[in-house]
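Following: one structure in structure tokens, then a few remarks.
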Amino acid sequence: MGKRRIGIKDVAAAAGVSVTTVSHILNEVEGARIHPETRDRVLKAADELGYRPNGLARGLRLRRSGTVGFVSDEIATTPFAGRLILGAQEEAARHGLVLLLVNTGGSHDLERRGIDLLLERQVEGVLYAAMYHRQVELPQQLRQVPTVILDAQSTGADVPSVVPDERQGGHTAVRELIAHGHRRIGFATNVDDIPATRGRLAGYRAALLEAGLPWDPSLVVAGASDARGGYDVALDLLDRPDRPTALFCFNDRMAMGAYRAADDLGLSIPGEVSVVGFDNQELICEGVYPALTTVALPHYEMGVRAVRLLLGLIEPPTGAAASAEQETLPCPLVARASVASPPGS
């Protein structure tokens with residue numbers, strides 16, 4: 001048998017006061033006239049008995065629960081998701097809030113039931129996160145609670161969101177290759193038409209334009225955004241008489257495939273071909289040889305910023321109007337060993 005839950009009646013009996021007095025003290029009721037000695041006695045009794053308040057009942061009374069929801073599709077199972085969740089969790093904690101995580105696995109039914117459960121628990125707001133940067137349809141249930149979309153954007157553009165600056169990230173990756181003297185740079189891109197694909201391509205083109213280099217569509221080849229796709233695309237780009245001296249890959253998984261293609265063609269990295277990835281999946285970047293130079297997605301910072309935006313919706317500054325702004329956070333370069341000057345330079 002488990003121990004009986006200690007209630008305010010037990011605290012009142014131990015302190016020798018009324019239940020009403022205990023309730024006023026423990027709930028910090030404004031205007032209650034309580035003698036300091038009585039307050040100290042009640043708090044000491046509560047501590048000694050191990051009294052814990054009923055958080056759900058308190059939240060219903062105060063219309064505050066001290067919790068925010070974090071709803072994701074598959075992000076909780078991806079290799080780098082921990083940083084996103086950690087950023088949100090630590091920022092929430094700094095404001096006295098607890099993060100309640102619901103991972104739906106992509107199931108619409110599980111998502112609906114999970115959101116219903118969060119709303120029943122009186123969460124003060126919700127972070128709605130996606131596994132990768134794309135457009136999402138916000139569930140109708142979330143229209144009744146402050147919500148910020150994380151690593152995605154609403155199809156209706158009417159909900160605030162926090163996303164990585166894909167264009168800047170692509171620009172940074174290609175600028176690193178140009179800085180090492182590369183003038184013919186291939187792009188192993190993703191076949192899916194999503195914001196990340198479009199943004200990284202725009203950054204690639206912008207870096208070429210900035211350096212006065214020609215735009216050559218034949219150097220942009222699309223494939224599946226995994227190691228096999230990267231292998232096929234890199235084989236296409238590198239098995240040419242006029243092959244590029246460097247590859248910018250849509251993500252680290254494609255870059256891993258590019259390593260294998262270069263090896264099959266007898267090309268050394270970075271001696272004969274330089275490679276830059278995107279995402280900074282450390283298991284890949286540190287696991288390949290030479291270690292992969294890449295661009296990091298700012299997962300921790302995105303989690304932090306999303307919570308701050310959410311707090312602004314929960315308790316907006318006086319006179320402030322609701323905003324559906326989209327915030328983009330920069331993606332920094334993580335230099336390792338896969339980039340060098342082109343052969344003969």
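In the structure tokens, chains take the letters A, B, ... in the order shown, each chain's residues start at 1, and ligands count up from 1 in the order shown.
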* **Selection near Arg336 (chain A), 8 Å with only C-alpha atoms, sequence-local residues under 3 positions removed, as an MDAnalysis selection string** => chainID A and resid 291:294 339
Can you write out as CSV which residues of region 58-149 of chain A fall within 8 Å of region 158-180 of chain A, alongside each residue's closest atom pair and its distance in Å to one decimal, counting only C-alpha atoms and ordering rows by chain and ascending residue number?
residue,atom,partner,partner_atom,distance
A:His133,CA,A:Val163,CA,6.9
A:Thr147,CA,A:Val159,CA,7.2
A:Val148,CA,A:Pro160,CA,5.3
A:Ile149,CA,A:Ser161,CA,4.4
Can you list, as an mmCIF file with N, CA, C and O atoms, in the first residue's frame, every protein, DNA or RNA residue that comes within 8 Å of Ile185 (chain A) when you count only C-alpha atoms, leaving out same-chain residues fewer than 2 positions away?
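Full text of part_13.cif as output:
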data_model
loop_
_atom_site.group_PDB
_atom_site.id
_atom_site.type_symbol
_atom_site.label_atom_id
_atom_site.label_comp_id
_atom_site.auth_asym_id
_atom_site.auth_seq_id
_atom_site.Cartn_x
_atom_site.Cartn_y
_atom_site.Cartn_z
ATOM 1 N N VAL A 174 29.120 27.886 -49.355
ATOM 2 C CA VAL A 174 29.770 28.096 -50.651
ATOM 3 C C VAL A 174 30.858 29.162 -50.548
ATOM 4 O O VAL A 174 31.910 29.057 -51.188
ATOM 5 N N LEU A 177 34.072 27.568 -49.567
ATOM 6 C CA LEU A 177 34.751 26.914 -50.680
ATOM 7 C C LEU A 177 35.423 27.937 -51.591
ATOM 8 O O LEU A 177 36.557 27.741 -52.036
ATOM 9 N N HIS A 182 38.170 27.736 -54.806
ATOM 10 C CA HIS A 182 37.344 26.948 -55.722
ATOM 11 C C HIS A 182 36.497 27.866 -56.607
ATOM 12 O O HIS A 182 35.897 28.831 -56.119
ATOM 13 N N ARG A 183 36.461 27.531 -57.876
ATOM 14 C CA ARG A 183 35.676 28.325 -58.830
ATOM 15 C C ARG A 183 34.614 27.493 -59.539
ATOM 16 O O ARG A 183 33.706 28.042 -60.179
ATOM 17 N N PHE A 187 26.597 21.408 -56.611
ATOM 18 C CA PHE A 187 25.633 21.390 -55.508
ATOM 19 C C PHE A 187 24.819 20.117 -55.579
ATOM 20 O O PHE A 187 24.028 19.919 -56.504
ATOM 21 N N LEU A 219 25.695 22.113 -62.836
ATOM 22 C CA LEU A 219 26.415 21.770 -61.613
ATOM 23 C C LEU A 219 25.473 21.550 -60.431
ATOM 24 O O LEU A 219 25.926 21.244 -59.324
ATOM 25 N N PRO A 244 33.583 19.343 -61.062
ATOM 26 C CA PRO A 244 33.827 20.413 -60.100
ATOM 27 C C PRO A 244 34.953 20.026 -59.138
ATOM 28 O O PRO A 244 35.206 18.838 -58.919
ATOM 29 N N THR A 245 35.613 21.032 -58.592
ATOM 30 C CA THR A 245 36.689 20.766 -57.624
ATOM 31 C C THR A 245 36.155 20.737 -56.190
ATOM 32 O O THR A 245 36.905 20.445 -55.259
ATOM 33 N N ALA A 246 34.869 21.071 -56.032
ATOM 34 C CA ALA A 246 34.273 21.069 -54.695
ATOM 35 C C ALA A 246 32.792 20.758 -54.794
ATOM 36 O O ALA A 246 32.146 21.037 -55.812
ATOM 37 N N LEU A 247 32.259 20.186 -53.721
ATOM 38 C CA LEU A 247 30.832 19.884 -53.638
ATOM 39 C C LEU A 247 30.239 20.506 -52.379
ATOM 40 O O LEU A 247 30.795 20.372 -51.279
ATOM 41 N N PHE A 248 29.110 21.172 -52.554
ATOM 42 C CA PHE A 248 28.278 21.586 -51.431
ATOM 43 C C PHE A 248 27.099 20.629 -51.411
ATOM 44 O O PHE A 248 26.389 20.487 -52.404
#
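Of note, CA of Val307 (chain A) and CA of Ala92 (chain A) are spaced 6.4 Å apart.
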* **Contacts of Ala296 (chain A) within 12 Å, only C-alpha atoms, excl. fewer than 3 positions in-chain, as an MDAnalysis selection string** => chainID A and resid 80 83 164:166 168:170 172:173 250:252 276:282 285 292:293 299:302 329:335
* To do: Work out how far apart CA of Leu43 (chain A) and CA of Ser23 (chain A) are and give it in Å to one decimal.
  =>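 One can read the CA of Leu43 (chain A) to CA of Ser23 (chain A) distance as 11.1 Å.
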* Just give me the gap between CA of Leu84 (chain A) and CA of Glu120 (chain A) in Å, one decimal is fine. =>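 Computing it gives 25.0 Å between the two atoms.
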Fewer than 3 positions away in the same chain doesn't count, so skip those; otherwise give me all residues within 12 Å of Ser268 (chain A), counting only C-alpha atoms, as a CSV table (one decimal) with N, CA, C and O atoms, in the first residue's frame.
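For reference, out-v6.csv as written:
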chain,number,residue,atom,x,y,z
A,238,LEU,N,31.0,14.1,-60.2
A,238,LEU,CA,32.5,13.9,-60.2
A,238,LEU,C,33.0,13.1,-61.3
A,238,LEU,O,34.2,13.1,-61.6
A,245,THR,N,35.6,21.0,-58.6
A,245,THR,CA,36.7,20.8,-57.6
A,245,THR,C,36.2,20.7,-56.2
A,245,THR,O,36.9,20.4,-55.3
A,246,ALA,N,34.9,21.1,-56.0
A,246,ALA,CA,34.3,21.1,-54.7
A,246,ALA,C,32.8,20.8,-54.8
A,246,ALA,O,32.1,21.0,-55.8
A,258,ALA,N,28.6,11.3,-50.8
A,258,ALA,CA,29.6,11.9,-51.7
A,258,ALA,C,31.0,11.4,-51.4
A,258,ALA,O,31.9,11.2,-52.3
A,259,TYR,N,31.3,11.1,-50.1
A,259,TYR,CA,32.6,10.6,-49.7
A,259,TYR,C,32.8,9.2,-50.4
A,259,TYR,O,33.9,8.9,-50.9
A,260,ARG,N,31.8,8.4,-50.3
A,260,ARG,CA,31.9,7.1,-50.9
A,260,ARG,C,32.1,7.2,-52.4
A,260,ARG,O,32.9,6.4,-53.0
A,261,ALA,N,31.3,8.1,-53.1
A,261,ALA,CA,31.5,8.2,-54.5
A,261,ALA,C,32.9,8.7,-54.9
A,261,ALA,O,33.5,8.2,-55.9
A,262,ALA,N,33.4,9.7,-54.1
A,262,ALA,CA,34.8,10.1,-54.4
A,262,ALA,C,35.8,9.0,-54.2
A,262,ALA,O,36.7,8.8,-55.1
A,263,ASP,N,35.6,8.2,-53.2
A,263,ASP,CA,36.5,7.0,-53.0
A,263,ASP,C,36.4,6.0,-54.2
A,263,ASP,O,37.4,5.5,-54.6
A,264,ASP,N,35.2,5.8,-54.6
A,264,ASP,CA,35.0,4.8,-55.7
A,264,ASP,C,35.7,5.3,-57.0
A,264,ASP,O,36.1,4.6,-57.9
A,265,LEU,N,35.7,6.7,-57.2
A,265,LEU,CA,36.4,7.3,-58.3
A,265,LEU,C,37.8,7.5,-58.2
A,265,LEU,O,38.5,8.1,-59.0
A,271,GLY,N,42.2,16.6,-51.0
A,271,GLY,CA,43.3,16.9,-51.9
A,271,GLY,C,42.8,17.1,-53.4
A,271,GLY,O,43.3,18.0,-54.1
A,272,GLU,N,41.8,16.3,-53.8
A,272,GLU,CA,41.3,16.4,-55.2
A,272,GLU,C,39.9,17.0,-55.3
A,272,GLU,O,39.5,17.5,-56.3
A,273,VAL,N,39.1,16.8,-54.2
A,273,VAL,CA,37.8,17.4,-54.2
A,273,VAL,C,37.4,17.8,-52.7
A,273,VAL,O,37.7,17.0,-51.8
A,274,SER,N,36.9,19.0,-52.5
A,274,SER,CA,36.5,19.5,-51.2
A,274,SER,C,35.0,19.2,-51.1
A,274,SER,O,34.3,19.3,-52.0
A,275,VAL,N,34.6,19.0,-49.8
A,275,VAL,CA,33.2,18.7,-49.6
A,275,VAL,C,32.7,19.5,-48.3
A,275,VAL,O,33.4,19.5,-47.3
A,289,TYR,N,36.1,10.3,-42.6
A,289,TYR,CA,37.5,10.7,-42.7
A,289,TYR,C,37.8,11.2,-44.0
A,289,TYR,O,37.6,10.5,-45.0
A,290,PRO,N,38.3,12.4,-44.1
A,290,PRO,CA,38.6,13.4,-43.0
A,290,PRO,C,37.3,14.0,-42.5
A,290,PRO,O,36.3,13.9,-43.2
A,338,SER,N,37.6,18.8,-44.4
A,338,SER,CA,37.2,18.3,-45.7
A,338,SER,C,37.3,19.4,-46.8
A,338,SER,O,36.9,19.2,-47.9
A,339,VAL,N,37.9,20.5,-46.4
A,339,VAL,CA,38.1,21.6,-47.4
A,339,VAL,C,39.5,22.0,-47.5
A,339,VAL,O,40.2,22.2,-46.5
A,340,ALA,N,40.0,22.1,-48.7
A,340,ALA,CA,41.4,22.6,-49.0
A,340,ALA,C,41.3,23.4,-50.3
A,340,ALA,O,40.3,23.4,-51.0
A,342,PRO,N,41.9,23.9,-54.3
A,342,PRO,CA,41.8,23.0,-55.4
A,342,PRO,C,43.2,22.5,-55.9
A,342,PRO,O,44.2,23.2,-55.7
A,343,PRO,N,43.3,21.4,-56.6
A,343,PRO,CA,44.5,20.9,-57.1
A,343,PRO,C,45.2,21.9,-58.1
A,343,PRO,O,44.5,22.5,-58.9
* 12 Å contact set for His95 (chain A), only C-alpha atoms, chain neighbours under 6 positions out, as a list in words -> Gly66, Thr67, Val68, Ala88, Gln89, Val304, Val307, Arg308, Leu310 and Leu311 of chain A
Using C-alpha atoms, can you write the selected residues to a file as a PDB file, in the first residue's frame?
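File produced: result-v7.pdb:
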ATOM      1  CA  GLY A  66       3.200  26.425 -15.116  1.00  0.00           C
ATOM      2  CA  THR A  67       3.514  24.176 -18.178  1.00  0.00           C
ATOM      3  CA  VAL A  68       3.949  24.539 -21.929  1.00  0.00           C
ATOM      4  CA  ALA A  88      13.258  25.015 -25.214  1.00  0.00           C
ATOM      5  CA  GLN A  89      13.341  23.133 -21.916  1.00  0.00           C
ATOM      6  CA  VAL A 304      15.297  29.189 -26.759  1.00  0.00           C
ATOM      7  CA  VAL A 307       9.978  29.851 -25.918  1.00  0.00           C
ATOM      8  CA  ARG A 308      10.656  33.578 -25.725  1.00  0.00           C
ATOM      9  CA  LEU A 310       5.662  32.002 -26.846  1.00  0.00           C
ATOM     10  CA  LEU A 311       6.023  33.923 -23.576  1.00  0.00           C
TER      11      LEU A 311
END
* Skip Leu138 (chain A) itself and residues of its chain fewer than 4 positions away, then list as number ranges by chain all residues within 12 Å of it, counting only C-alpha atoms. => A: 71-72, 108, 111-112, 115, 126-130, 142-145, 147-150, 152-161
Mind listing the alpha helix (DSSP H) residues of region 95-175 of chain A, per DSSP on the backbone, as a PDB file with C-alpha atoms, in the first residue's frame?
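Contents of the output file selection_8.pdb:
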ATOM      1  CA  HIS A 108      -2.566  12.430 -37.024  1.00  0.00           C
ATOM      2  CA  ASP A 109      -4.682  10.483 -34.530  1.00  0.00           C
ATOM      3  CA  LEU A 110      -1.902  10.456 -31.927  1.00  0.00           C
ATOM      4  CA  GLU A 111      -1.290  14.146 -32.562  1.00  0.00           C
ATOM      5  CA  ARG A 112      -4.969  14.980 -32.002  1.00  0.00           C
ATOM      6  CA  ARG A 113      -5.144  12.955 -28.791  1.00  0.00           C
ATOM      7  CA  GLY A 114      -1.852  14.347 -27.538  1.00  0.00           C
ATOM      8  CA  ILE A 115      -2.920  17.947 -28.099  1.00  0.00           C
ATOM      9  CA  ASP A 116      -6.262  17.268 -26.407  1.00  0.00           C
ATOM     10  CA  LEU A 117      -4.370  15.922 -23.409  1.00  0.00           C
ATOM     11  CA  LEU A 118      -2.153  19.020 -23.247  1.00  0.00           C
ATOM     12  CA  LEU A 119      -5.185  21.307 -23.404  1.00  0.00           C
ATOM     13  CA  GLU A 120      -6.887  19.301 -20.657  1.00  0.00           C
ATOM     14  CA  GLU A 166      18.631  28.449 -44.982  1.00  0.00           C
ATOM     15  CA  ARG A 167      19.762  31.039 -47.533  1.00  0.00           C
ATOM     16  CA  GLN A 168      22.450  32.409 -45.247  1.00  0.00           C
ATOM     17  CA  GLY A 169      23.583  28.867 -44.431  1.00  0.00           C
ATOM     18  CA  GLY A 170      23.955  27.954 -48.104  1.00  0.00           C
ATOM     19  CA  HIS A 171      25.775  31.206 -48.758  1.00  0.00           C
ATOM     20  CA  THR A 172      28.165  30.519 -45.852  1.00  0.00           C
ATOM     21  CA  ALA A 173      28.966  27.011 -47.097  1.00  0.00           C
ATOM     22  CA  VAL A 174      29.770  28.096 -50.651  1.00  0.00           C
ATOM     23  CA  ARG A 175      31.663  31.181 -49.505  1.00  0.00           C
TER      24      ARG A 175
END
* Run DSSP on the backbone of this structure and report the residues of region 100-200 of chain A it assigns to strand (DSSP E), as an MDAnalysis selection string. => chainID A and resid 100:103 126:129 135:136 147:150 153:154 161:164 185:190
